[in-house]
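A.B. asks: Next comes the structure file final19.txt, holding compact mmCIF, C-alpha atoms.
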# COMPACT_ATOMS: atom_id res chain seq x y z
CA MET A 1 137.87 -214.75 25.77
CA LYS A 2 136.95 -213.63 22.28
CA PHE A 3 134.12 -215.23 20.31
CA CYS A 4 133.56 -215.22 16.55
CA PHE A 5 130.12 -216.00 15.12
CA VAL A 6 129.81 -216.81 11.41
CA PHE A 7 126.82 -217.11 9.11
CA GLY A 8 125.97 -216.68 5.44
CA THR A 9 122.35 -217.67 4.89
CA ARG A 10 118.90 -216.75 6.17
CA PRO A 11 118.41 -219.74 8.51
CA GLU A 12 121.87 -219.31 10.01
CA VAL A 13 121.15 -215.73 11.00
CA ILE A 14 117.88 -216.78 12.64
CA LYS A 15 119.59 -219.42 14.77
CA VAL A 16 122.88 -217.61 15.48
CA ALA A 17 121.43 -214.18 16.34
CA PRO A 18 119.88 -215.18 19.70
CA VAL A 19 123.18 -216.72 20.87
CA TYR A 20 125.31 -213.81 19.67
CA LYS A 21 123.01 -211.25 21.28
CA PHE A 22 122.96 -213.19 24.55
CA PHE A 23 126.77 -213.17 24.60
CA LEU A 24 126.74 -209.40 24.07
CA GLN A 25 124.22 -208.98 26.91
CA LYS A 26 126.66 -210.84 29.15
CA GLY A 27 129.41 -208.38 28.22
CA GLU A 28 131.43 -210.84 26.16
CA GLU A 29 133.85 -209.79 23.43
CA ALA A 30 132.10 -211.14 20.34
CA PHE A 31 131.97 -210.27 16.67
CA VAL A 32 130.26 -211.48 13.50
CA VAL A 33 131.71 -212.61 10.18
CA ALA A 34 129.13 -212.73 7.39
CA THR A 35 130.04 -214.73 4.31
CA ALA A 36 126.99 -213.55 2.33
CA GLN A 37 126.57 -216.96 0.73
CA HIS A 38 122.99 -215.78 0.16
CA ARG A 39 123.41 -212.02 0.04
CA GLU A 40 119.89 -210.57 -0.05
CA MET A 41 118.18 -213.06 2.25
CA MET A 42 121.01 -212.89 4.79
CA ASP A 43 120.90 -209.08 4.85
CA MET A 44 117.13 -209.12 5.27
CA MET A 45 117.41 -211.33 8.34
CA MET A 46 120.25 -209.34 9.88
CA ASN A 47 118.01 -206.27 9.76
CA VAL A 48 115.20 -208.12 11.54
CA PHE A 49 117.44 -209.15 14.44
CA GLY A 50 119.50 -205.96 14.51
CA VAL A 51 122.81 -207.76 13.94
CA GLU A 52 125.80 -206.11 12.29
CA ALA A 53 128.83 -207.87 10.84
CA LYS A 54 132.34 -206.70 11.66
CA TYR A 55 133.55 -208.49 8.52
CA ASP A 56 131.63 -209.23 5.32
CA LEU A 57 133.35 -211.74 3.04
CA ASN A 58 130.88 -211.03 0.21
CA VAL A 59 131.37 -214.39 -1.50
CA MET A 60 128.09 -214.62 -3.43
CA THR A 61 128.34 -214.61 -7.22
CA HIS A 62 125.81 -215.09 -9.99
CA ASP A 63 124.86 -218.76 -10.46
CA GLN A 64 127.51 -219.75 -7.92
CA THR A 65 128.61 -223.33 -7.37
CA LEU A 66 129.33 -225.13 -4.11
CA ASP A 67 133.00 -225.26 -5.03
CA SER A 68 133.19 -221.53 -5.70
CA VAL A 69 131.59 -220.75 -2.32
CA VAL A 70 134.01 -223.04 -0.50
CA ALA A 71 137.01 -221.63 -2.34
CA SER A 72 136.06 -218.01 -1.66
CA ILE A 73 135.45 -218.56 2.05
CA MET A 74 138.66 -220.52 2.52
CA GLN A 75 140.64 -217.72 0.88
CA ARG A 76 138.93 -214.80 2.66
CA LEU A 77 138.31 -216.04 6.22
CA PRO A 78 141.85 -217.06 7.33
CA PRO A 79 143.23 -213.47 7.28
CA VAL A 80 140.33 -212.42 9.54
CA LEU A 81 141.06 -215.24 11.96
CA GLN A 82 144.77 -214.40 11.97
CA ARG A 83 143.98 -210.75 12.73
CA GLU A 84 141.32 -211.31 15.42
CA LYS A 85 142.59 -214.56 16.98
CA PRO A 86 139.25 -215.64 18.50
CA ASP A 87 139.23 -218.34 21.16
CA VAL A 88 136.05 -219.96 19.85
CA LEU A 89 134.38 -219.83 16.44
CA PHE A 90 130.63 -220.55 16.35
CA VAL A 91 129.03 -222.13 13.30
CA GLN A 92 125.42 -223.18 12.90
CA GLY A 93 123.82 -226.11 11.17
CA ASP A 94 124.93 -227.63 7.90
CA THR A 95 125.48 -224.97 5.27
CA THR A 96 128.48 -224.70 2.98
CA THR A 97 129.37 -221.57 4.97
CA ALA A 98 129.36 -223.48 8.25
CA MET A 99 131.46 -226.35 6.91
CA SER A 100 134.02 -224.09 5.19
CA CYS A 101 134.41 -221.81 8.22
CA ALA A 102 134.80 -224.79 10.55
CA ILE A 103 137.63 -226.16 8.41
CA CYS A 104 139.35 -222.76 8.41
CA ALA A 105 139.10 -222.57 12.20
CA PHE A 106 140.42 -226.13 12.49
CA HIS A 107 143.41 -225.25 10.33
CA SER A 108 144.09 -222.29 12.65
CA LYS A 109 143.64 -224.49 15.75
CA ILE A 110 140.71 -222.38 16.94
CA LYS A 111 138.05 -224.15 18.99
CA ILE A 112 134.81 -224.72 17.09
CA ALA A 113 131.34 -224.61 18.63
CA HIS A 114 128.67 -226.28 16.52
CA ILE A 115 125.15 -225.01 17.14
CA GLU A 116 122.66 -227.72 16.07
CA ALA A 117 125.07 -230.64 16.05
CA GLY A 118 124.15 -234.26 15.48
CA LEU A 119 121.32 -234.04 12.96
CA ARG A 120 121.40 -236.97 10.56
CA SER A 121 119.34 -238.27 7.65
CA HIS A 122 121.81 -241.18 7.26
CA ASP A 123 121.88 -240.59 3.49
CA LEU A 124 125.02 -238.74 2.42
CA TYR A 125 123.32 -237.37 -0.70
CA ASP A 126 119.95 -236.38 0.80
CA PRO A 127 119.92 -233.60 1.78
CA PHE A 128 122.85 -232.63 -0.41
CA PRO A 129 125.36 -231.27 0.51
CA GLU A 130 124.07 -230.66 4.04
CA GLU A 131 124.43 -234.22 5.33
CA MET A 132 128.14 -234.24 4.48
CA ASN A 133 128.63 -230.70 5.79
CA ARG A 134 127.28 -231.40 9.26
CA ARG A 135 129.23 -234.64 9.62
CA VAL A 136 132.48 -232.80 8.81
CA ILE A 137 131.68 -229.99 11.26
CA ASP A 138 130.92 -232.43 14.08
CA VAL A 139 134.24 -234.25 13.61
CA VAL A 140 136.29 -231.06 14.10
CA SER A 141 134.18 -229.34 16.77
CA THR A 142 135.16 -228.91 20.41
CA TYR A 143 131.64 -228.05 21.57
CA LEU A 144 128.80 -230.01 19.97
CA PHE A 145 125.48 -228.42 20.93
CA ALA A 146 122.88 -231.06 20.14
CA PRO A 147 119.29 -229.77 19.99
CA THR A 148 117.68 -233.06 21.07
CA LYS A 149 118.43 -236.40 22.71
CA LYS A 150 118.26 -238.12 19.32
CA ALA A 151 120.90 -235.77 17.93
CA ARG A 152 123.11 -236.58 20.93
CA GLU A 153 122.59 -240.30 20.36
CA ASN A 154 123.61 -239.92 16.71
CA LEU A 155 126.91 -238.37 17.76
CA ILE A 156 127.64 -241.02 20.36
CA LYS A 157 126.97 -243.79 17.82
CA GLU A 158 129.55 -242.18 15.55
CA GLY A 159 132.19 -242.43 18.27
CA ILE A 160 132.34 -238.78 19.30
CA GLU A 161 133.42 -238.36 22.93
CA GLU A 162 130.46 -237.71 25.23
CA ASP A 163 132.24 -234.91 27.09
CA ARG A 164 132.16 -232.85 23.87
CA ILE A 165 128.38 -233.21 23.47
CA TYR A 166 125.78 -231.01 25.18
CA THR A 167 122.00 -231.35 24.76
CA VAL A 168 120.72 -227.78 24.83
CA GLY A 169 117.61 -227.45 22.63
CA ASN A 170 117.31 -225.56 19.36
CA THR A 171 118.03 -221.84 19.15
CA VAL A 172 115.17 -221.39 16.67
CA VAL A 173 112.76 -221.45 19.62
CA ASP A 174 114.78 -218.63 21.22
CA ALA A 175 114.41 -216.68 17.97
CA LEU A 176 110.65 -217.30 17.85
CA LYS A 177 110.22 -215.97 21.36
CA MET A 178 112.20 -212.83 20.51
CA ILE A 179 109.95 -212.15 17.51
CA ARG A 180 106.64 -212.94 19.21
CA ASN A 181 107.52 -210.61 22.09
CA SER A 182 108.38 -207.77 19.73
CA PHE A 183 105.79 -207.86 16.91
CA ASN A 184 102.04 -208.12 16.38
CA LEU A 185 102.06 -210.99 13.89
CA SER A 186 98.37 -210.74 13.08
CA GLN A 187 98.83 -207.12 12.04
CA VAL A 188 101.85 -208.01 9.93
CA ARG A 189 99.93 -210.83 8.22
CA SER A 190 97.06 -208.53 7.25
CA GLN A 191 99.48 -206.61 5.03
CA LEU A 192 100.62 -209.74 3.21
CA VAL A 193 97.54 -211.81 2.35
CA PRO A 194 93.97 -210.66 1.59
CA PHE A 195 92.40 -213.94 2.78
CA GLU A 196 92.34 -216.09 5.91
CA ASN A 197 92.10 -219.69 4.69
CA TYR A 198 95.37 -220.75 3.07
CA ILE A 199 98.12 -223.36 2.99
CA LEU A 200 101.67 -222.08 3.46
CA MET A 201 104.28 -223.60 1.16
CA THR A 202 108.06 -223.30 0.84
CA LEU A 203 110.37 -225.06 -1.62
CA HIS A 204 114.08 -224.63 -2.15
CA ARG A 205 116.09 -227.81 -1.48
CA ARG A 206 118.82 -228.50 -4.00
CA GLU A 207 118.00 -232.22 -4.21
CA ASN A 208 114.35 -231.42 -5.07
CA ILE A 209 115.12 -229.13 -8.01
CA GLY A 210 113.81 -230.78 -11.18
CA GLU A 211 111.16 -233.46 -11.51
CA ARG A 212 110.69 -233.79 -7.75
CA MET A 213 109.76 -230.13 -7.43
CA VAL A 214 107.32 -230.36 -10.33
CA SER A 215 105.65 -233.35 -8.66
CA ILE A 216 105.37 -231.55 -5.32
CA LEU A 217 103.86 -228.44 -6.91
CA SER A 218 101.46 -230.53 -8.98
CA ALA A 219 100.21 -232.33 -5.89
CA VAL A 220 99.61 -229.09 -4.02
CA ALA A 221 97.83 -227.60 -7.04
CA ARG A 222 95.56 -230.64 -7.25
CA PHE A 223 94.67 -230.43 -3.55
CA ALA A 224 94.07 -226.67 -3.79
CA ARG A 225 91.65 -227.14 -6.68
CA GLU A 226 89.79 -229.93 -4.86
CA ARG A 227 89.40 -227.92 -1.64
CA ASN A 228 89.23 -224.50 -3.32
CA VAL A 229 91.88 -223.17 -0.97
CA HIS A 230 94.65 -220.61 -1.48
CA VAL A 231 98.34 -221.53 -1.40
CA VAL A 232 100.80 -218.85 -0.27
CA LEU A 233 104.27 -219.54 -1.65
CA PRO A 234 107.21 -217.18 -1.07
CA VAL A 235 109.37 -218.04 -4.09
CA HIS A 236 113.04 -218.64 -3.30
CA LYS A 237 115.63 -216.46 -5.05
CA ASN A 238 117.38 -219.44 -6.64
CA PRO A 239 116.76 -218.92 -10.39
CA ASN A 240 116.32 -222.66 -10.97
CA VAL A 241 113.63 -222.84 -8.28
CA ARG A 242 111.88 -219.75 -9.62
CA ARG A 243 111.77 -221.12 -13.15
CA ILE A 244 110.13 -224.37 -12.05
CA VAL A 245 107.62 -222.64 -9.76
CA PHE A 246 106.47 -220.11 -12.33
CA ASP A 247 106.38 -222.66 -15.16
CA THR A 248 104.36 -225.13 -13.08
CA VAL A 249 101.91 -223.00 -11.08
CA GLY A 250 102.52 -219.43 -12.22
CA SER A 251 99.12 -219.22 -13.92
CA ASP A 252 97.20 -221.17 -11.25
CA ALA A 253 94.68 -218.84 -9.59
CA HIS A 254 94.89 -220.77 -6.32
CA PHE A 255 98.56 -219.87 -5.89
CA HIS A 256 99.57 -216.58 -4.32
CA LEU A 257 103.24 -216.30 -5.35
CA ILE A 258 105.19 -213.67 -3.45
CA GLU A 259 108.81 -212.61 -3.10
CA PRO A 260 110.79 -214.00 -0.14
CA VAL A 261 109.67 -212.29 3.05
CA ASP A 262 111.55 -211.31 6.18
CA TYR A 263 111.39 -213.56 9.19
CA VAL A 264 108.69 -211.61 11.00
CA SER A 265 106.48 -211.73 7.93
CA PHE A 266 107.12 -215.44 7.45
CA LEU A 267 106.20 -216.22 11.04
CA SER A 268 103.01 -214.21 10.64
CA LEU A 269 102.12 -216.38 7.64
CA LEU A 270 102.98 -219.51 9.61
CA GLU A 271 100.82 -218.42 12.52
CA GLY A 272 97.76 -217.89 10.31
CA CYS A 273 97.93 -220.85 7.92
CA TRP A 274 95.84 -224.06 7.86
CA PHE A 275 98.93 -226.28 7.56
CA VAL A 276 102.36 -226.24 5.87
CA VAL A 277 103.92 -228.02 2.90
CA SER A 278 107.68 -227.57 2.94
CA ASP A 279 111.08 -229.10 2.22
CA SER A 280 112.72 -226.78 4.76
CA GLY A 281 114.45 -228.01 7.87
CA GLY A 282 113.81 -224.82 9.81
CA VAL A 283 110.07 -224.86 9.14
CA GLN A 284 109.91 -228.33 10.70
CA GLU A 285 111.28 -226.79 13.89
CA GLU A 286 109.22 -223.60 13.83
CA ALA A 287 105.75 -224.91 12.99
CA PRO A 288 105.13 -226.78 16.29
CA SER A 289 105.41 -223.52 18.23
CA PHE A 290 102.35 -222.35 16.32
CA GLY A 291 100.53 -225.67 16.52
CA LYS A 292 100.80 -226.23 12.76
CA PHE A 293 101.07 -229.58 10.98
CA VAL A 294 103.88 -229.98 8.41
CA VAL A 295 103.79 -232.05 5.24
CA VAL A 296 107.53 -232.63 4.78
CA ALA A 297 108.14 -232.72 1.03
CA ARG A 298 111.33 -234.75 1.24
CA ARG A 299 112.44 -238.36 1.12
CA THR A 300 114.41 -238.11 4.35
CA THR A 301 114.37 -235.91 7.43
CA GLU A 302 117.03 -235.35 10.03
CA ARG A 303 114.33 -234.12 12.39
CA PRO A 304 112.40 -237.28 13.29
CA GLU A 305 111.12 -235.56 16.44
CA LEU A 306 108.59 -233.71 14.27
CA ILE A 307 107.07 -236.95 13.00
CA GLU A 308 107.20 -238.73 16.36
CA SER A 309 105.51 -235.83 18.16
CA GLY A 310 102.60 -235.90 15.69
CA PHE A 311 103.32 -232.51 14.18
CA GLY A 312 104.18 -233.75 10.70
CA ILE A 313 104.46 -236.51 8.14
CA LEU A 314 107.40 -237.42 5.89
CA ALA A 315 105.59 -237.34 2.56
CA GLY A 316 108.29 -238.11 0.00
CA THR A 317 108.35 -236.22 -3.29
CA GLU A 318 105.90 -238.12 -5.49
CA GLU A 319 102.68 -236.39 -6.51
CA SER A 320 100.50 -239.16 -5.09
CA SER A 321 102.29 -239.34 -1.73
CA ILE A 322 102.26 -235.55 -1.28
CA HIS A 323 98.55 -235.43 -2.07
CA GLU A 324 97.80 -238.25 0.39
CA ALA A 325 99.80 -236.47 3.09
CA MET A 326 97.89 -233.23 2.49
CA VAL A 327 94.59 -235.08 2.92
CA LEU A 328 95.90 -236.42 6.23
CA ALA A 329 97.07 -232.96 7.26
CA SER A 330 93.63 -231.50 6.53
CA GLU A 331 92.07 -234.04 8.91
CA THR A 332 94.62 -233.75 11.73
CA LYS A 333 93.74 -231.90 14.92
CA LEU A 334 96.69 -230.82 17.07
CA ASP A 335 95.96 -230.51 20.78
CA SER A 336 99.32 -229.20 21.95
CA ALA A 337 101.67 -226.48 20.77
CA GLU A 338 104.61 -227.64 22.90
CA ASN A 339 107.62 -227.56 20.61
CA PRO A 340 109.68 -230.80 20.79
CA PHE A 341 112.80 -228.92 19.70
CA GLY A 342 113.30 -226.51 22.59
CA ASP A 343 112.07 -224.22 25.35
CA GLY A 344 113.64 -220.88 24.41
CA LYS A 345 116.59 -221.08 26.83
CA THR A 346 119.18 -222.59 24.50
CA SER A 347 121.31 -219.45 24.13
CA GLU A 348 121.71 -219.18 27.89
CA ARG A 349 122.74 -222.84 28.14
CA ILE A 350 125.35 -222.42 25.39
CA TRP A 351 126.87 -219.38 27.07
CA SER A 352 126.98 -221.16 30.42
CA ILE A 353 128.74 -224.18 28.95
CA VAL A 354 131.37 -222.24 27.02
CA ARG A 355 132.09 -220.00 30.00
CA GLY A 356 132.00 -222.85 32.52
CA VAL A 357 129.18 -221.24 34.50
CA SER A 358 127.06 -223.54 36.69
CA GLN A 359 123.32 -223.46 36.12
Output the file's structure as structure tokens, nothing else.
C.D. replies:
Amino acid sequence: MKFCFVFGTRPEVIKVAPVYKFFLQKGEEAFVVATAQHREMMDMMMNVFGVEAKYDLNVMTHDQTLDSVVASIMQRLPPVLQREKPDVLFVQGDTTTAMSCAICAFHSKIKIAHIEAGLRSHDLYDPFPEEMNRRVIDVVSTYLFAPTKKARENLIKEGIEEDRIYTVGNTVVDALKMIRNSFNLSQVRSQLVPFENYILMTLHRRENIGERMVSILSAVARFARERNVHVVLPVHKNPNVRRIVFDTVGSDAHFHLIEPVDYVSFLSLLEGCWFVVSDSGGVQEEAPSFGKFVVVARRTTERPELIESGFGILAGTEESSIHEAMVLASETKLDSAENPFGDGKTSERIWSIVRGVSQ
């Protein structure tokens, strides 16, 4: 059998790399197609995990639109699939890359394996376009690798056949274990921040760009002034995000604005922070492994396990609700660092299922 793994963004590389590398360790014929939907951040992450692409579609353009990304991928991927004829194409999550590549594979009648299937916010426009993307991918996939029981239940409720669904955990925990076994995170962190007491913040979601993002930043700035605490914020490369961040808190002495960091550096910051304010899906999955509380700066989350396990709060996007959630976060003591999203053996389970190997 031949396996194709596709990705185009930073989080996809993080979650695909452990699976791809496990397949290589097992002697499988596997190759990577990189779309470069997010060129610089994708390349940065590939270097961290030591992954090379056999094909690079190089679709990123200045100020690109969703439609332009879809169009480029759907023009450039089919010739690769026709040449290589893989038996299974792996996509991850809910990006425009994942959705577009899944449709191309479907058109070529290639089996699709969806890593992180079944996540739902139940609001088609929040997150946008991710909620639509993952629903489309799940419809056309042969193997639906659900990270949790709730994700599996979502798929069953939508009428997807149970024999296509496998509950395997989330590959992000596999990635975390790989990094923690290979790097001294404390040493890495000492090169990034000159202080110990800080809140880690990330912002990038498309649906938050605009007034929502201003409100979120304003709330964090207010809390930072009240508690006299630093805020470390790696500023996303999206020019619209950067403009809002620098206009809103660029002159605030409590904010330590830095360029996007590689995954090892980010995990070092996560390990050392007080708590996290983020609109990221991946951070919701990563933080529990470090025993960190997450203020989820969104109106919906497709990862309710974070909230139910006590590791986070869905704070909305209003200044008052974000501030209230940060006060709660500052008072929360977490006793356990057992991650509700996985145990670090997801890649092995996926390989076993695809290859029909009994565990």
A.B. asks: If you count all atoms listed in the file, which residues fall within 6 Å of A:Val277, apart from same-chain ones fewer than 4 positions away, as a count of residues only?
C.D. replies: 3
A.B. asks: Rounded to one decimal place, report the atom CA of A:Arg242-atom CA of A:Phe311 distance in Å.
C.D. replies: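 Separation between atom CA of A:Arg242 and atom CA of A:Phe311: 28.3 Å.
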A.B. asks: Using all atoms listed in the file, can you tell me which of A:Ala71, A:Glu348, A:Arg83, A:Phe266 comes closest to A:Leu176?
C.D. replies: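 Smallest separation from A:Leu176 among the options: A:Phe266.
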A.B. asks: One number please: atom CA of A:Ala17 to atom CA of A:Val51, in Å, one decimal.
C.D. replies: 7.0 Å
A.B. asks: In Å to one decimal, how far is atom CA of A:Asn47 from atom CA of A:Gly118?
C.D. replies: 29.2 Å
A.B. asks: From the set A:Met99, A:Ile165, A:Val80, A:Cys273, which residue has the shortest atom-to-atom contact distance to A:Glu153, counting all atoms listed in the file?
C.D. replies: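 Selected residue with least distance to A:Glu153: A:Ile165.
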